[in-house]
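Dumped query.pdb below, it's PDB, C-alpha atoms:
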ATOM      1  CA  MET A   5      47.285 -75.511 -43.538  1.00  0.00           C
ATOM      2  CA  THR A   6      48.995 -77.155 -40.587  1.00  0.00           C
ATOM      3  CA  ASP A   7      52.708 -77.207 -39.929  1.00  0.00           C
ATOM      4  CA  PRO A   8      53.953 -80.707 -40.837  1.00  0.00           C
ATOM      5  CA  LEU A   9      56.692 -80.474 -38.200  1.00  0.00           C
ATOM      6  CA  GLN A  10      54.260 -79.542 -35.445  1.00  0.00           C
ATOM      7  CA  ALA A  11      53.470 -82.166 -32.820  1.00  0.00           C
ATOM      8  CA  PRO A  12      50.149 -83.968 -33.401  1.00  0.00           C
ATOM      9  CA  ALA A  13      47.135 -82.142 -31.949  1.00  0.00           C
ATOM     10  CA  THR A  14      45.425 -85.439 -31.103  1.00  0.00           C
ATOM     11  CA  PRO A  15      47.190 -88.070 -29.000  1.00  0.00           C
ATOM     12  CA  VAL A  16      48.282 -91.244 -30.768  1.00  0.00           C
ATOM     13  CA  PRO A  17      46.040 -94.100 -29.637  1.00  0.00           C
ATOM     14  CA  LEU A  18      47.693 -97.225 -28.262  1.00  0.00           C
ATOM     15  CA  SER A  19      45.248 -99.199 -30.398  1.00  0.00           C
ATOM     16  CA  ILE A  20      47.625 -98.784 -33.348  1.00  0.00           C
ATOM     17  CA  TRP A  21      49.612-101.645 -31.801  1.00  0.00           C
ATOM     18  CA  SER A  22      46.706-103.917 -30.860  1.00  0.00           C
ATOM     19  CA  ASN A  23      44.069-103.310 -33.532  1.00  0.00           C
ATOM     20  CA  PRO A  24      45.134-104.514 -37.012  1.00  0.00           C
ATOM     21  CA  TRP A  25      42.874-101.957 -38.786  1.00  0.00           C
ATOM     22  CA  HIS A  26      44.339 -99.107 -36.764  1.00  0.00           C
ATOM     23  CA  ASN A  27      47.858-100.431 -37.374  1.00  0.00           C
ATOM     24  CA  LEU A  28      47.255-100.492 -41.122  1.00  0.00           C
ATOM     25  CA  ALA A  29      45.624 -97.038 -41.191  1.00  0.00           C
ATOM     26  CA  PHE A  30      48.558 -95.679 -39.176  1.00  0.00           C
ATOM     27  CA  GLY A  31      51.050 -97.080 -41.698  1.00  0.00           C
ATOM     28  CA  PHE A  32      52.310 -99.910 -39.470  1.00  0.00           C
ATOM     29  CA  GLY A  33      53.027 -97.351 -36.758  1.00  0.00           C
ATOM     30  CA  ALA A  34      54.563 -94.582 -38.899  1.00  0.00           C
ATOM     31  CA  GLY A  35      51.548 -92.368 -38.219  1.00  0.00           C
ATOM     32  CA  GLY A  36      52.425 -92.515 -34.543  1.00  0.00           C
ATOM     33  CA  MET A  37      55.616 -90.532 -35.031  1.00  0.00           C
ATOM     34  CA  PRO A  38      55.568 -87.332 -32.940  1.00  0.00           C
ATOM     35  CA  ARG A  39      56.540 -85.081 -35.867  1.00  0.00           C
ATOM     36  CA  ALA A  40      55.480 -85.147 -39.544  1.00  0.00           C
ATOM     37  CA  PRO A  41      53.426 -88.370 -39.472  1.00  0.00           C
ATOM     38  CA  GLY A  42      52.291 -87.838 -43.075  1.00  0.00           C
ATOM     39  CA  THR A  43      55.888 -87.693 -44.226  1.00  0.00           C
ATOM     40  CA  TRP A  44      56.731 -90.862 -42.307  1.00  0.00           C
ATOM     41  CA  GLY A  45      53.660 -92.576 -43.735  1.00  0.00           C
ATOM     42  CA  THR A  46      54.723 -91.582 -47.244  1.00  0.00           C
ATOM     43  CA  LEU A  47      58.168 -93.056 -46.573  1.00  0.00           C
ATOM     44  CA  VAL A  48      56.582 -96.322 -45.422  1.00  0.00           C
ATOM     45  CA  GLY A  49      54.548 -96.427 -48.635  1.00  0.00           C
ATOM     46  CA  LEU A  50      57.514 -95.804 -50.921  1.00  0.00           C
ATOM     47  CA  PRO A  51      59.067 -99.317 -50.856  1.00  0.00           C
ATOM     48  CA  PHE A  52      55.731-100.762 -51.976  1.00  0.00           C
ATOM     49  CA  VAL A  53      56.223 -98.887 -55.269  1.00  0.00           C
ATOM     50  CA  LEU A  54      59.030-101.323 -56.088  1.00  0.00           C
ATOM     51  CA  LEU A  55      56.740-104.246 -55.264  1.00  0.00           C
ATOM     52  CA  TRP A  56      53.869-102.897 -57.394  1.00  0.00           C
ATOM     53  CA  ALA A  57      56.317-102.337 -60.283  1.00  0.00           C
ATOM     54  CA  LEU A  58      56.745-106.122 -60.518  1.00  0.00           C
ATOM     55  CA  LEU A  59      53.090-106.440 -61.523  1.00  0.00           C
ATOM     56  CA  PRO A  60      51.828-106.066 -65.081  1.00  0.00           C
ATOM     57  CA  LEU A  61      50.336-102.656 -65.874  1.00  0.00           C
ATOM     58  CA  TRP A  62      46.756-103.874 -65.381  1.00  0.00           C
ATOM     59  CA  GLY A  63      47.779-105.338 -61.993  1.00  0.00           C
ATOM     60  CA  GLN A  64      49.289-102.041 -60.901  1.00  0.00           C
ATOM     61  CA  GLY A  65      46.083-100.252 -61.878  1.00  0.00           C
ATOM     62  CA  LEU A  66      44.026-102.816 -59.995  1.00  0.00           C
ATOM     63  CA  VAL A  67      46.161-102.377 -56.871  1.00  0.00           C
ATOM     64  CA  LEU A  68      45.705 -98.607 -57.056  1.00  0.00           C
ATOM     65  CA  VAL A  69      41.926 -98.779 -57.480  1.00  0.00           C
ATOM     66  CA  ALA A  70      41.591-101.427 -54.746  1.00  0.00           C
ATOM     67  CA  SER A  71      43.829 -99.387 -52.400  1.00  0.00           C
ATOM     68  CA  ILE A  72      41.681 -96.297 -52.904  1.00  0.00           C
ATOM     69  CA  VAL A  73      38.374 -98.117 -52.381  1.00  0.00           C
ATOM     70  CA  PHE A  74      39.750-100.016 -49.386  1.00  0.00           C
ATOM     71  CA  GLY A  75      41.213 -96.768 -48.027  1.00  0.00           C
ATOM     72  CA  VAL A  76      37.835 -95.015 -48.064  1.00  0.00           C
ATOM     73  CA  TRP A  77      36.466 -97.801 -45.880  1.00  0.00           C
ATOM     74  CA  LEU A  78      39.583 -98.140 -43.679  1.00  0.00           C
ATOM     75  CA  CYS A  79      40.132 -94.438 -43.022  1.00  0.00           C
ATOM     76  CA  GLY A  80      36.438 -93.879 -42.354  1.00  0.00           C
ATOM     77  CA  LYS A  81      36.265 -96.838 -39.960  1.00  0.00           C
ATOM     78  CA  VAL A  82      39.361 -95.844 -37.983  1.00  0.00           C
ATOM     79  CA  ALA A  83      38.380 -92.157 -37.851  1.00  0.00           C
ATOM     80  CA  ARG A  84      34.935 -93.100 -36.483  1.00  0.00           C
ATOM     81  CA  GLU A  85      36.436 -95.461 -33.913  1.00  0.00           C
ATOM     82  CA  LEU A  86      38.893 -92.781 -32.753  1.00  0.00           C
ATOM     83  CA  GLY A  87      36.214 -90.085 -32.776  1.00  0.00           C
ATOM     84  CA  VAL A  88      38.452 -87.776 -34.833  1.00  0.00           C
ATOM     85  CA  HIS A  89      37.510 -86.701 -38.380  1.00  0.00           C
ATOM     86  CA  ASP A  90      41.000 -87.001 -39.880  1.00  0.00           C
ATOM     87  CA  HIS A  91      43.514 -87.967 -37.212  1.00  0.00           C
ATOM     88  CA  GLU A  92      47.000 -86.786 -38.202  1.00  0.00           C
ATOM     89  CA  GLY A  93      48.269 -90.321 -37.681  1.00  0.00           C
ATOM     90  CA  ILE A  94      46.015 -91.906 -40.290  1.00  0.00           C
ATOM     91  CA  VAL A  95      48.510 -92.209 -43.134  1.00  0.00           C
ATOM     92  CA  TRP A  96      46.996 -94.868 -45.405  1.00  0.00           C
ATOM     93  CA  ASP A  97      45.945 -91.954 -47.624  1.00  0.00           C
ATOM     94  CA  GLU A  98      49.557 -90.741 -47.887  1.00  0.00           C
ATOM     95  CA  MET A  99      50.681 -94.258 -48.751  1.00  0.00           C
ATOM     96  CA  VAL A 100      48.160 -94.427 -51.589  1.00  0.00           C
ATOM     97  CA  GLY A 101      49.128 -90.902 -52.652  1.00  0.00           C
ATOM     98  CA  ILE A 102      52.772 -91.880 -53.152  1.00  0.00           C
ATOM     99  CA  TRP A 103      51.683 -95.016 -55.029  1.00  0.00           C
ATOM    100  CA  LEU A 104      49.670 -92.834 -57.394  1.00  0.00           C
ATOM    101  CA  THR A 105      52.543 -90.382 -57.775  1.00  0.00           C
ATOM    102  CA  CYS A 106      54.977 -93.152 -58.719  1.00  0.00           C
ATOM    103  CA  PHE A 107      52.627 -95.024 -61.089  1.00  0.00           C
ATOM    104  CA  LEU A 108      54.496 -95.513 -64.409  1.00  0.00           C
ATOM    105  CA  LEU A 109      57.535 -93.741 -62.968  1.00  0.00           C
ATOM    106  CA  PRO A 110      61.020 -95.192 -63.566  1.00  0.00           C
ATOM    107  CA  THR A 111      61.962 -97.047 -60.375  1.00  0.00           C
ATOM    108  CA  GLU A 112      65.461 -95.574 -60.088  1.00  0.00           C
ATOM    109  CA  PRO A 113      66.151 -94.005 -56.673  1.00  0.00           C
ATOM    110  CA  LEU A 114      66.437 -90.459 -58.053  1.00  0.00           C
ATOM    111  CA  TRP A 115      62.963 -90.596 -59.651  1.00  0.00           C
ATOM    112  CA  LEU A 116      61.425 -92.107 -56.510  1.00  0.00           C
ATOM    113  CA  ALA A 117      63.048 -89.458 -54.308  1.00  0.00           C
ATOM    114  CA  LEU A 118      61.817 -86.691 -56.596  1.00  0.00           C
ATOM    115  CA  GLY A 119      58.333 -88.252 -56.608  1.00  0.00           C
ATOM    116  CA  PHE A 120      58.415 -88.304 -52.811  1.00  0.00           C
ATOM    117  CA  VAL A 121      59.296 -84.599 -52.649  1.00  0.00           C
ATOM    118  CA  VAL A 122      56.723 -83.562 -55.267  1.00  0.00           C
ATOM    119  CA  PHE A 123      53.965 -85.547 -53.532  1.00  0.00           C
ATOM    120  CA  ARG A 124      54.799 -84.107 -50.107  1.00  0.00           C
ATOM    121  CA  VAL A 125      54.759 -80.569 -51.545  1.00  0.00           C
ATOM    122  CA  MET A 126      51.331 -81.175 -53.123  1.00  0.00           C
ATOM    123  CA  ASP A 127      49.992 -82.816 -49.964  1.00  0.00           C
ATOM    124  CA  ILE A 128      51.242 -80.084 -47.629  1.00  0.00           C
ATOM    125  CA  ALA A 129      50.559 -77.044 -49.866  1.00  0.00           C
ATOM    126  CA  LYS A 130      47.156 -78.369 -50.988  1.00  0.00           C
ATOM    127  CA  PRO A 131      46.675 -76.195 -54.075  1.00  0.00           C
ATOM    128  CA  TRP A 132      43.092 -75.687 -55.239  1.00  0.00           C
ATOM    129  CA  PRO A 133      40.977 -77.877 -55.611  1.00  0.00           C
ATOM    130  CA  ILE A 134      42.788 -80.092 -53.084  1.00  0.00           C
ATOM    131  CA  SER A 135      42.400 -77.450 -50.354  1.00  0.00           C
ATOM    132  CA  TRP A 136      38.662 -77.163 -51.048  1.00  0.00           C
ATOM    133  CA  VAL A 137      38.225 -80.949 -50.852  1.00  0.00           C
ATOM    134  CA  ASP A 138      40.231 -81.067 -47.612  1.00  0.00           C
ATOM    135  CA  ARG A 139      37.879 -78.522 -45.990  1.00  0.00           C
ATOM    136  CA  HIS A 140      34.525 -79.639 -47.411  1.00  0.00           C
ATOM    137  CA  VAL A 141      34.524 -83.396 -48.052  1.00  0.00           C
ATOM    138  CA  HIS A 142      34.352 -85.552 -44.933  1.00  0.00           C
ATOM    139  CA  GLY A 143      34.394 -89.171 -43.835  1.00  0.00           C
ATOM    140  CA  GLY A 144      36.624 -91.846 -45.295  1.00  0.00           C
ATOM    141  CA  PHE A 145      35.985 -90.477 -48.780  1.00  0.00           C
ATOM    142  CA  GLY A 146      37.227 -87.027 -47.763  1.00  0.00           C
ATOM    143  CA  ILE A 147      40.253 -88.399 -45.926  1.00  0.00           C
ATOM    144  CA  MET A 148      41.271 -90.276 -49.065  1.00  0.00           C
ATOM    145  CA  LEU A 149      40.216 -87.792 -51.745  1.00  0.00           C
ATOM    146  CA  ASP A 150      42.570 -84.921 -50.920  1.00  0.00           C
ATOM    147  CA  ASP A 151      45.567 -87.271 -50.981  1.00  0.00           C
ATOM    148  CA  VAL A 152      44.359 -89.006 -54.135  1.00  0.00           C
ATOM    149  CA  LEU A 153      44.126 -85.587 -55.794  1.00  0.00           C
ATOM    150  CA  ALA A 154      47.574 -84.635 -54.460  1.00  0.00           C
ATOM    151  CA  GLY A 155      48.891 -87.942 -55.831  1.00  0.00           C
ATOM    152  CA  VAL A 156      47.300 -87.344 -59.232  1.00  0.00           C
ATOM    153  CA  ALA A 157      48.689 -83.779 -59.356  1.00  0.00           C
ATOM    154  CA  ALA A 158      52.145 -85.025 -58.342  1.00  0.00           C
ATOM    155  CA  TRP A 159      51.832 -87.821 -60.943  1.00  0.00           C
ATOM    156  CA  GLY A 160      51.216 -85.194 -63.625  1.00  0.00           C
ATOM    157  CA  VAL A 161      54.264 -83.195 -62.553  1.00  0.00           C
ATOM    158  CA  MET A 162      56.403 -86.328 -62.456  1.00  0.00           C
ATOM    159  CA  GLN A 163      55.258 -87.495 -65.880  1.00  0.00           C
ATOM    160  CA  ALA A 164      56.182 -84.073 -67.274  1.00  0.00           C
ATOM    161  CA  PHE A 165      59.634 -84.428 -65.671  1.00  0.00           C
ATOM    162  CA  VAL A 166      60.053 -87.928 -67.127  1.00  0.00           C
ATOM    163  CA  TRP A 167      58.962 -86.726 -70.567  1.00  0.00           C
ATOM    164  CA  ALA A 168      61.391 -83.799 -70.404  1.00  0.00           C
ATOM    165  CA  TRP A 169      64.445 -85.540 -68.930  1.00  0.00           C
ATOM    166  CA  ALA A 170      64.283 -89.323 -69.196  1.00  0.00           C
TER     167      ALA A 170
END
Produce structure tokens that represent the structure in this file.
Amino acid sequence: MTDPLQAPATPVPLSIWSNPWHNLAFGFGAGGMPRAPGTWGTLVGLPFVLLWALLPLWGQGLVLVASIVFGVWLCGKVARELGVHDHEGIVWDEMVGIWLTCFLLPTEPLWLALGFVVFRVMDIAKPWPISWVDRHVHGGFGIMLDDVLAGVAAWGVMQAFVWAWA
């Protein structure tokens, strides 16, 4: 497990500003932050939750599935082009993770903030099987899968909270 407040081990490529695929994978530049790029990427993804909530339920599900499938391709492509398996700055996976966490969640600020915290804890702590996936599954699929699993785990925790307190 890496320290989320530690400076990135791999330099941030300038291509995040000139290459639209790199810009998207780096969360519109959030992944270029010198500290905690995953946290910044999650923050960038959070406002989209309010946008997705305007869609019907089937549309929200479609956005999630499309974002995951697209993310496998995007993260794999950018990682290959950078020559780094899972560059710390690639945060599309964190964006999708927070979208999964907040699926069907009330859109009040308190619930979204709690969802943010629960997702970040799952993503950083990587409880089993997320930790196993992070170490053993590679490529775009691996980059996405650990955050999808963290998002699903955080979704479960959040749904339990909603059931208990909402």
### Task
Take the PyMOL selection byres ((chain A and resi 90) around 9), apply it to the structure above, and return the hits as a list in words.
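This file gives the following for the PyMOL selection byres ((chain A and resi 90) around 9): Cys79, Gly80, Ala83, Val88, His89, His91, Glu92, Gly93, Ile94, His142, Gly143, Gly144, Gly146 and Ile147 of chain A.
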### Query
Using the chain letters and numbers from the file, which residues does the PyMOL selection byres ((chain A and resi 30) around 12) grab, as a PyMOL selection string?
chain A and resi 16-29+31-37+41-46+48-49+75+78-79+82-83+86+90-99
### Query
If you apply the PyMOL selection byres ((chain A and resi 64) around 12) to this file, what residues do you get, as a list in words?
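Output of the PyMOL selection byres ((chain A and resi 64) around 12): Phe52, Val53, Leu54, Leu55, Trp56, Ala57, Leu58, Leu59, Pro60, Leu61, Trp62, Gly63, Gly65, Leu66, Val67, Leu68, Val69, Ala70, Ser71, Trp103, Leu104, Cys106, Phe107, Leu108 and Leu109 of chain A.
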### Distance query stretch 130-139 of chain A at most 7 Å, all atoms listed in the file, self and fewer than 6 positions along chain excluded, as a PyMOL selection string
chain A and resi 146+150+153-154
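Atom CA of A:Phe120 to atom CA of A:Ala158 spans 9.0 Å [interatomic distance, one decimal].
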### Message
Env of A:Val121: 12 Å cut, atoms = all atoms listed in the file, seq-sep filter 5 positions within chain, self excluded. Answer as a ChimeraX atom specification.
### Response
/A:43,46-47,50,101-102,105-106,114-116,126-129,154-155,158-159,161-162
### Task
Provide the atom CA of A:Lys81 to atom CA of A:Val141 distance in Å, to one decimal place.
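Computing the Euclidean distance for atom CA of A:Lys81 and atom CA of A:Val141 yields 15.8 Å.
Taking atom CA of A:Pro113 and atom CA of A:Arg39 as endpoints, the distance between them is 24.6 Å.
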Padding 6 Å on every side, please: axis-aligned box over the listed atoms of stretch 97-104 of chain A, centre and edge lengths to one decimal in Å, as AutoDock Vina command-line options.
--center_x 49.4 --center_y -92.9 --center_z -52.5 --size_x 18.8 --size_y 16.3 --size_z 21.8
#### Entry: Which of A:Phe74, A:Pro51, A:Glu85, A:Val166 sits closest to A:Leu118 [using all atoms listed in the file]
A:Val166
### Query
Between A:Ala157, A:Gly87, A:Pro38, A:His140, which one has atoms that come closest to A:Val125, using all atoms listed in the file?
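Checking each of A:Ala157, A:Gly87, A:Pro38, A:His140 against A:Val125, counting all atoms listed in the file, the winner is A:Ala157.
Minimum atom-to-atom distances from A:Leu149, A:Trp77, A:Arg84, A:Gln163 to A:Gly119 were compared using all atoms listed in the file, and the lowest value belongs to A:Gln163.
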